[in-house]
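Below you'll find the structure, written out as C-alpha coordinates, and then a few comments.
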Amino acid sequence: MTEQPDGNVRELADIPAVEVISRAAVMLMSSAAEKLGLADDDPETSTVRDLDEARRVITALAGLITASVEYLGPHAGPLREGLQSLQRAFREASAHPDEPGKGPGEKYTGPVY
(Lines give C-alpha, C1' and ligand atoms only; values in the text may rest on other atoms or scores of the structure.)
Protein backbone atom coordinates (compact mmCIF):
# COMPACT_ATOMS: atom_id res chain seq x y z
CA MET A 1 0.00 0.00 0.00
CA THR A 2 1.36 3.41 -0.99
CA GLU A 3 1.13 6.02 1.72
CA GLN A 4 -0.69 9.17 0.64
CA PRO A 5 0.99 12.48 1.52
CA ASP A 6 -0.65 14.74 4.06
CA GLY A 7 -3.04 17.18 2.38
CA ASN A 8 -1.01 20.09 3.78
CA VAL A 9 2.22 18.90 2.17
CA ARG A 10 2.83 19.96 -1.42
CA GLU A 11 4.71 17.75 -3.81
CA LEU A 12 8.06 19.34 -4.65
CA ALA A 13 7.31 18.93 -8.35
CA ASP A 14 4.22 21.13 -7.91
CA ILE A 15 6.11 24.06 -6.37
CA PRO A 16 7.22 26.71 -8.88
CA ALA A 17 11.00 27.14 -9.19
CA VAL A 18 10.85 30.79 -8.12
CA GLU A 19 9.23 29.72 -4.85
CA VAL A 20 11.87 27.06 -4.19
CA ILE A 21 14.68 29.55 -4.92
CA SER A 22 13.06 32.28 -2.82
CA ARG A 23 12.56 29.93 0.13
CA ALA A 24 16.17 28.78 -0.07
CA ALA A 25 17.34 32.41 -0.18
CA VAL A 26 15.23 33.33 2.84
CA MET A 27 16.63 30.37 4.77
CA LEU A 28 20.19 31.42 3.92
CA MET A 29 19.41 35.03 4.90
CA SER A 30 18.01 33.90 8.24
CA SER A 31 21.02 31.71 8.88
CA ALA A 32 23.44 34.54 8.05
CA ALA A 33 21.57 36.97 10.31
CA GLU A 34 21.73 34.47 13.18
CA LYS A 35 25.44 33.81 12.60
CA LEU A 36 26.07 37.57 12.59
CA GLY A 37 24.29 37.77 15.95
CA LEU A 38 21.65 40.11 14.56
CA ALA A 39 18.83 38.33 16.40
CA ASP A 40 20.35 39.34 19.75
CA ASP A 41 19.98 42.72 21.44
CA ASP A 42 23.73 43.23 21.20
CA PRO A 43 25.26 41.38 18.23
CA GLU A 44 28.77 42.01 19.55
CA THR A 45 28.12 39.92 22.67
CA SER A 46 25.99 37.28 20.96
CA THR A 47 26.88 33.74 22.00
CA VAL A 48 25.94 32.43 18.54
CA ARG A 49 27.97 34.93 16.53
CA ASP A 50 30.29 33.13 14.12
CA LEU A 51 31.71 35.30 11.35
CA ASP A 52 33.45 32.42 9.59
CA GLU A 53 30.12 30.59 9.27
CA ALA A 54 28.35 33.83 8.30
CA ARG A 55 30.88 34.38 5.49
CA ARG A 56 30.09 30.96 4.04
CA VAL A 57 26.34 31.40 4.18
CA ILE A 58 26.46 34.93 2.72
CA THR A 59 28.68 33.71 -0.12
CA ALA A 60 26.26 30.87 -0.88
CA LEU A 61 23.35 33.33 -0.79
CA ALA A 62 25.16 35.68 -3.19
CA GLY A 63 25.82 32.82 -5.59
CA LEU A 64 22.19 31.69 -5.48
CA ILE A 65 20.75 35.16 -6.03
CA THR A 66 23.23 36.09 -8.76
CA ALA A 67 22.68 32.82 -10.63
CA SER A 68 18.88 33.03 -10.35
CA VAL A 69 18.18 36.75 -10.69
CA GLU A 70 16.62 36.41 -14.14
CA TYR A 71 13.99 34.03 -12.75
CA LEU A 72 13.13 35.91 -9.56
CA GLY A 73 11.00 38.66 -11.09
CA PRO A 74 9.65 40.98 -8.37
CA HIS A 75 11.48 38.96 -5.69
CA ALA A 76 14.91 39.93 -7.07
CA GLY A 77 15.03 43.46 -5.63
CA PRO A 78 14.15 42.59 -2.03
CA LEU A 79 16.47 39.56 -2.05
CA ARG A 80 19.36 41.65 -3.40
CA GLU A 81 18.70 44.35 -0.78
CA GLY A 82 18.66 41.74 1.98
CA LEU A 83 21.93 40.29 0.72
CA GLN A 84 23.57 43.72 0.63
CA SER A 85 22.38 44.44 4.17
CA LEU A 86 23.97 41.21 5.36
CA GLN A 87 27.18 41.98 3.50
CA ARG A 88 27.31 45.43 5.14
CA ALA A 89 26.54 43.94 8.57
CA PHE A 90 29.39 41.48 8.07
CA ARG A 91 31.78 44.32 7.20
CA GLU A 92 30.70 46.26 10.30
CA ALA A 93 31.08 43.19 12.52
CA SER A 94 34.59 42.38 11.31
CA ALA A 95 37.52 43.51 13.43
CA HIS A 96 39.56 43.77 10.22
CA PRO A 97 37.07 44.38 7.38
CA ASP A 98 37.83 42.89 3.98
CA GLU A 99 38.84 45.19 1.17
CA PRO A 100 35.91 46.22 -1.05
CA GLY A 101 35.27 43.37 -3.47
CA LYS A 102 36.83 40.78 -1.14
CA GLY A 103 33.99 40.42 1.37
CA PRO A 104 31.58 37.49 1.51
CA GLY A 105 29.81 36.99 -1.81
CA GLU A 106 31.36 40.07 -3.38
CA LYS A 107 33.01 38.01 -6.10
CA TYR A 108 29.44 37.43 -7.31
CA THR A 109 27.84 40.79 -6.50
CA GLY A 110 30.67 43.22 -6.86
CA PRO A 111 31.93 45.47 -4.05
CA VAL A 112 29.53 46.43 -1.29
CA TYR A 113 30.35 49.56 0.68
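Ordering of the C-alpha coordinates sets the chain letters (A, B, ...); residue numbers start at 1 within each chain; ligands are numbered from 1 in the order shown.
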Got a sec to tell me which of chain A DSSP assigns to alpha helix (DSSP H), as a VMD selection string?
-> chain A and resid 17 to 35 51 to 72 76 to 93 106 to 109
Which neighbours of Arg80 in chain A fall inside 9 Å, counting only C-alpha atoms, when residues of the same chain fewer than 2 positions from it are skipped, and could you give them as number ranges by chain?
-> A: 62, 65-66, 69, 75-78, 82-85
Would you save the residues of that selection, restricted to all heavy atoms, as an mmCIF file, in the first residue's frame?
data_model
loop_
_atom_site.group_PDB
_atom_site.id
_atom_site.type_symbol
_atom_site.label_atom_id
_atom_site.label_comp_id
_atom_site.auth_asym_id
_atom_site.auth_seq_id
_atom_site.Cartn_x
_atom_site.Cartn_y
_atom_site.Cartn_z
ATOM 1 N N ALA A 62 24.800 34.833 -2.053
ATOM 2 C CA ALA A 62 25.163 35.682 -3.188
ATOM 3 C C ALA A 62 25.205 34.879 -4.480
ATOM 4 O O ALA A 62 24.722 35.332 -5.525
ATOM 5 C CB ALA A 62 26.510 36.352 -2.936
ATOM 6 N N ILE A 65 21.482 34.012 -5.501
ATOM 7 C CA ILE A 65 20.748 35.164 -6.028
ATOM 8 C C ILE A 65 21.306 35.597 -7.380
ATOM 9 O O ILE A 65 20.551 35.846 -8.325
ATOM 10 C CB ILE A 65 20.751 36.323 -5.017
ATOM 11 C CG1 ILE A 65 19.899 35.942 -3.798
ATOM 12 C CG2 ILE A 65 20.232 37.609 -5.661
ATOM 13 C CD1 ILE A 65 19.947 36.938 -2.657
ATOM 14 N N THR A 66 22.612 35.666 -7.505
ATOM 15 C CA THR A 66 23.227 36.087 -8.760
ATOM 16 C C THR A 66 22.891 35.117 -9.890
ATOM 17 O O THR A 66 22.549 35.538 -10.995
ATOM 18 C CB THR A 66 24.756 36.210 -8.593
ATOM 19 O OG1 THR A 66 25.014 37.160 -7.554
ATOM 20 C CG2 THR A 66 25.423 36.668 -9.867
ATOM 21 N N VAL A 69 18.847 35.447 -10.635
ATOM 22 C CA VAL A 69 18.183 36.751 -10.687
ATOM 23 C C VAL A 69 17.201 36.864 -11.852
ATOM 24 O O VAL A 69 16.130 37.458 -11.711
ATOM 25 C CB VAL A 69 19.214 37.899 -10.678
ATOM 26 C CG1 VAL A 69 19.947 38.016 -12.006
ATOM 27 C CG2 VAL A 69 18.559 39.197 -10.287
ATOM 28 N N HIS A 75 10.774 39.380 -6.910
ATOM 29 C CA HIS A 75 11.480 38.958 -5.694
ATOM 30 C C HIS A 75 12.960 39.372 -5.736
ATOM 31 O O HIS A 75 13.618 39.416 -4.707
ATOM 32 C CB HIS A 75 11.404 37.439 -5.514
ATOM 33 C CG HIS A 75 10.024 36.910 -5.456
ATOM 34 N ND1 HIS A 75 9.227 37.015 -4.340
ATOM 35 C CD2 HIS A 75 9.277 36.277 -6.395
ATOM 36 C CE1 HIS A 75 8.061 36.459 -4.584
ATOM 37 N NE2 HIS A 75 8.054 36.014 -5.820
ATOM 38 N N ALA A 76 13.479 39.657 -6.927
ATOM 39 C CA ALA A 76 14.908 39.935 -7.072
ATOM 40 C C ALA A 76 15.353 41.138 -6.252
ATOM 41 O O ALA A 76 16.371 41.067 -5.546
ATOM 42 C CB ALA A 76 15.263 40.136 -8.545
ATOM 43 N N GLY A 77 14.630 42.237 -6.336
ATOM 44 C CA GLY A 77 15.025 43.462 -5.627
ATOM 45 C C GLY A 77 15.130 43.266 -4.125
ATOM 46 O O GLY A 77 16.180 43.544 -3.535
ATOM 47 N N PRO A 78 14.070 42.785 -3.473
ATOM 48 C CA PRO A 78 14.150 42.589 -2.029
ATOM 49 C C PRO A 78 15.229 41.586 -1.612
ATOM 50 O O PRO A 78 15.892 41.780 -0.585
ATOM 51 C CB PRO A 78 12.757 42.072 -1.658
ATOM 52 C CG PRO A 78 11.861 42.570 -2.741
ATOM 53 C CD PRO A 78 12.713 42.589 -3.980
ATOM 54 N N GLY A 82 18.364 42.510 0.778
ATOM 55 C CA GLY A 82 18.656 41.738 1.984
ATOM 56 C C GLY A 82 20.084 41.240 1.993
ATOM 57 O O GLY A 82 20.771 41.301 3.025
ATOM 58 N N LEU A 83 20.550 40.760 0.846
ATOM 59 C CA LEU A 83 21.929 40.290 0.723
ATOM 60 C C LEU A 83 22.907 41.425 1.004
ATOM 61 O O LEU A 83 23.850 41.265 1.782
ATOM 62 C CB LEU A 83 22.164 39.712 -0.676
ATOM 63 C CG LEU A 83 23.607 39.425 -1.068
ATOM 64 C CD1 LEU A 83 24.252 38.418 -0.120
ATOM 65 C CD2 LEU A 83 23.666 38.938 -2.516
ATOM 66 N N GLN A 84 22.673 42.581 0.407
ATOM 67 C CA GLN A 84 23.573 43.718 0.628
ATOM 68 C C GLN A 84 23.583 44.151 2.090
ATOM 69 O O GLN A 84 24.633 44.502 2.628
ATOM 70 C CB GLN A 84 23.186 44.889 -0.268
ATOM 71 C CG GLN A 84 23.513 44.633 -1.724
ATOM 72 C CD GLN A 84 23.026 45.744 -2.642
ATOM 73 O OE1 GLN A 84 22.336 46.662 -2.206
ATOM 74 N NE2 GLN A 84 23.373 45.644 -3.913
ATOM 75 N N SER A 85 22.445 44.094 2.731
ATOM 76 C CA SER A 85 22.381 44.438 4.168
ATOM 77 C C SER A 85 23.227 43.474 4.986
ATOM 78 O O SER A 85 23.939 43.888 5.906
ATOM 79 C CB SER A 85 20.936 44.400 4.663
ATOM 80 O OG SER A 85 20.183 45.419 4.069
#
Quick one, how far is CA of Glu53 in chain A from CA of Lys35 in chain A?
-> 6.6 Å
Considering only C-alpha atoms, return as a PyMOL selection string whatever protein or nucleic-acid residues lie within 12 Å of Gly73 in chain A, sequence-local ones (same chain, fewer than 5 positions apart) excluded.
-> chain A and resi 17-19+21-22+65+68+78-80
Those same residues - N, CA, C and O atoms - I'd like them written as an mmCIF file, in the first residue's frame.
data_model
loop_
_atom_site.group_PDB
_atom_site.id
_atom_site.type_symbol
_atom_site.label_atom_id
_atom_site.label_comp_id
_atom_site.auth_asym_id
_atom_site.auth_seq_id
_atom_site.Cartn_x
_atom_site.Cartn_y
_atom_site.Cartn_z
ATOM 1 N N ALA A 17 9.570 26.949 -9.445
ATOM 2 C CA ALA A 17 11.001 27.136 -9.187
ATOM 3 C C ALA A 17 11.280 28.430 -8.432
ATOM 4 O O ALA A 17 12.095 28.451 -7.511
ATOM 5 N N VAL A 18 10.602 29.516 -8.792
ATOM 6 C CA VAL A 18 10.850 30.792 -8.121
ATOM 7 C C VAL A 18 10.542 30.688 -6.629
ATOM 8 O O VAL A 18 11.234 31.289 -5.806
ATOM 9 N N GLU A 19 9.559 29.898 -6.264
ATOM 10 C CA GLU A 19 9.234 29.722 -4.851
ATOM 11 C C GLU A 19 10.306 28.912 -4.131
ATOM 12 O O GLU A 19 10.693 29.236 -3.006
ATOM 13 N N ILE A 21 13.488 28.695 -5.013
ATOM 14 C CA ILE A 21 14.684 29.546 -4.925
ATOM 15 C C ILE A 21 14.503 30.601 -3.840
ATOM 16 O O ILE A 21 15.400 30.839 -3.030
ATOM 17 N N SER A 22 13.322 31.231 -3.818
ATOM 18 C CA SER A 22 13.062 32.276 -2.817
ATOM 19 C C SER A 22 13.111 31.718 -1.402
ATOM 20 O O SER A 22 13.677 32.341 -0.502
ATOM 21 N N ILE A 65 21.482 34.012 -5.501
ATOM 22 C CA ILE A 65 20.748 35.164 -6.028
ATOM 23 C C ILE A 65 21.306 35.597 -7.380
ATOM 24 O O ILE A 65 20.551 35.846 -8.325
ATOM 25 N N SER A 68 20.316 33.180 -10.125
ATOM 26 C CA SER A 68 18.880 33.032 -10.351
ATOM 27 C C SER A 68 18.150 34.331 -10.621
ATOM 28 O O SER A 68 16.938 34.319 -10.794
ATOM 29 N N PRO A 78 14.070 42.785 -3.473
ATOM 30 C CA PRO A 78 14.150 42.589 -2.029
ATOM 31 C C PRO A 78 15.229 41.586 -1.612
ATOM 32 O O PRO A 78 15.892 41.780 -0.585
ATOM 33 N N LEU A 79 15.431 40.541 -2.403
ATOM 34 C CA LEU A 79 16.470 39.560 -2.055
ATOM 35 C C LEU A 79 17.856 40.184 -2.186
ATOM 36 O O LEU A 79 18.724 39.971 -1.330
ATOM 37 N N ARG A 80 18.071 40.968 -3.232
ATOM 38 C CA ARG A 80 19.360 41.648 -3.397
ATOM 39 C C ARG A 80 19.601 42.640 -2.255
ATOM 40 O O ARG A 80 20.714 42.743 -1.745
#
Skip Pro43 in chain A itself and residues of its chain fewer than 4 positions away, then list as JSON, numbers by chain all residues within 12 Å of it, counting only C-alpha atoms.
-> {"A": [33, 34, 35, 36, 37, 38, 39, 47, 48, 49, 50, 51, 89, 90, 92, 93, 94]}
Write the residues of the selection above to a file with all heavy atoms, as a short mmCIF file (atom, residue, chain, number, x, y, z; two decimals), in the first residue's frame.
data_model
loop_
_atom_site.label_atom_id
_atom_site.label_comp_id
_atom_site.auth_asym_id
_atom_site.auth_seq_id
_atom_site.Cartn_x
_atom_site.Cartn_y
_atom_site.Cartn_z
N ALA A 33 21.92 36.00 9.27
CA ALA A 33 21.57 36.97 10.31
C ALA A 33 21.84 36.39 11.69
O ALA A 33 22.38 37.06 12.57
CB ALA A 33 20.11 37.40 10.17
N GLU A 34 21.47 35.13 11.89
CA GLU A 34 21.73 34.47 13.18
C GLU A 34 23.23 34.38 13.44
O GLU A 34 23.69 34.69 14.54
CB GLU A 34 21.13 33.06 13.19
CG GLU A 34 19.63 33.03 13.28
CD GLU A 34 19.10 33.35 14.67
OE1 GLU A 34 19.84 33.20 15.66
OE2 GLU A 34 17.94 33.76 14.74
N LYS A 35 24.00 33.99 12.42
CA LYS A 35 25.44 33.81 12.60
C LYS A 35 26.16 35.15 12.78
O LYS A 35 27.25 35.20 13.33
CB LYS A 35 26.01 33.00 11.44
CG LYS A 35 25.50 31.56 11.48
CD LYS A 35 25.99 30.73 10.33
CE LYS A 35 25.39 29.34 10.31
NZ LYS A 35 25.35 28.63 11.54
N LEU A 36 25.52 36.24 12.34
CA LEU A 36 26.07 37.57 12.59
C LEU A 36 25.64 38.10 13.96
O LEU A 36 26.08 39.17 14.39
CB LEU A 36 25.61 38.55 11.51
CG LEU A 36 26.25 38.37 10.13
CD1 LEU A 36 25.52 39.21 9.09
CD2 LEU A 36 27.73 38.71 10.18
N GLY A 37 24.77 37.36 14.63
CA GLY A 37 24.29 37.77 15.95
C GLY A 37 23.21 38.81 15.90
O GLY A 37 22.88 39.43 16.91
N LEU A 38 22.61 39.03 14.73
CA LEU A 38 21.65 40.11 14.56
C LEU A 38 20.32 39.86 15.27
O LEU A 38 19.54 40.79 15.47
CB LEU A 38 21.39 40.37 13.07
CG LEU A 38 22.62 40.81 12.27
CD1 LEU A 38 22.26 40.98 10.81
CD2 LEU A 38 23.22 42.09 12.84
N ALA A 39 20.07 38.64 15.68
CA ALA A 39 18.83 38.33 16.40
C ALA A 39 18.93 38.72 17.88
O ALA A 39 17.92 38.81 18.56
CB ALA A 39 18.49 36.85 16.27
N THR A 47 26.20 35.02 21.79
CA THR A 47 26.88 33.74 22.00
C THR A 47 26.85 32.86 20.75
O THR A 47 27.58 31.88 20.68
CB THR A 47 26.23 32.96 23.16
OG1 THR A 47 24.85 32.75 22.85
CG2 THR A 47 26.36 33.72 24.47
N VAL A 48 26.03 33.23 19.77
CA VAL A 48 25.94 32.43 18.54
C VAL A 48 26.68 33.07 17.38
O VAL A 48 26.73 32.51 16.29
CB VAL A 48 24.47 32.15 18.14
CG1 VAL A 48 23.77 31.31 19.19
CG2 VAL A 48 23.72 33.44 17.87
N ARG A 49 27.27 34.22 17.61
CA ARG A 49 27.97 34.93 16.53
C ARG A 49 29.16 34.10 16.04
O ARG A 49 29.99 33.65 16.83
CB ARG A 49 28.46 36.28 17.03
CG ARG A 49 29.02 37.14 15.94
CD ARG A 49 29.43 38.46 16.53
NE ARG A 49 29.32 39.50 15.54
CZ ARG A 49 29.55 40.76 15.79
NH1 ARG A 49 29.85 41.15 17.01
NH2 ARG A 49 29.47 41.65 14.84
N ASP A 50 29.21 33.90 14.73
CA ASP A 50 30.29 33.13 14.12
C ASP A 50 30.53 33.70 12.72
O ASP A 50 29.83 33.35 11.77
CB ASP A 50 29.91 31.65 14.05
CG ASP A 50 31.04 30.76 13.56
OD1 ASP A 50 31.92 31.25 12.82
OD2 ASP A 50 31.02 29.56 13.90
N LEU A 51 31.48 34.60 12.61
CA LEU A 51 31.71 35.30 11.35
C LEU A 51 32.22 34.38 10.25
O LEU A 51 31.93 34.60 9.07
CB LEU A 51 32.65 36.48 11.55
CG LEU A 51 32.12 37.60 12.47
CD1 LEU A 51 33.11 38.75 12.53
CD2 LEU A 51 30.75 38.08 12.02
N ALA A 89 26.49 44.33 7.15
CA ALA A 89 26.54 43.94 8.57
C ALA A 89 27.79 43.12 8.85
O ALA A 89 28.42 43.28 9.90
CB ALA A 89 25.28 43.15 8.94
N PHE A 90 28.17 42.27 7.90
CA PHE A 90 29.39 41.48 8.07
C PHE A 90 30.60 42.41 8.14
O PHE A 90 31.46 42.26 9.01
CB PHE A 90 29.55 40.48 6.92
CG PHE A 90 30.75 39.60 7.07
CD1 PHE A 90 30.64 38.37 7.71
CD2 PHE A 90 32.00 39.99 6.62
CE1 PHE A 90 31.75 37.55 7.87
CE2 PHE A 90 33.11 39.19 6.78
CZ PHE A 90 32.98 37.97 7.41
N GLU A 92 30.73 45.52 9.03
CA GLU A 92 30.70 46.26 10.30
C GLU A 92 31.10 45.39 11.48
O GLU A 92 31.70 45.87 12.43
CB GLU A 92 29.30 46.83 10.54
CG GLU A 92 28.94 47.96 9.61
CD GLU A 92 27.50 48.40 9.73
OE1 GLU A 92 26.82 48.01 10.71
OE2 GLU A 92 27.04 49.13 8.84
N ALA A 93 30.78 44.10 11.42
CA ALA A 93 31.08 43.19 12.52
C ALA A 93 32.54 42.75 12.55
O ALA A 93 33.03 42.29 13.58
CB ALA A 93 30.17 41.96 12.45
N SER A 94 33.21 42.88 11.42
CA SER A 94 34.59 42.38 11.31
C SER A 94 35.58 43.32 11.98
O SER A 94 35.55 44.53 11.77
CB SER A 94 34.97 42.24 9.83
OG SER A 94 34.13 41.31 9.20
#
Computed interatomic separation between CA of Leu72 in chain A and CA of Asp52 in chain A (Å) = 28.1 Å
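Our summary of the geometry notes that CA of Ala25 in chain A is positioned 6.1 Å from CA of Leu61 in chain A.
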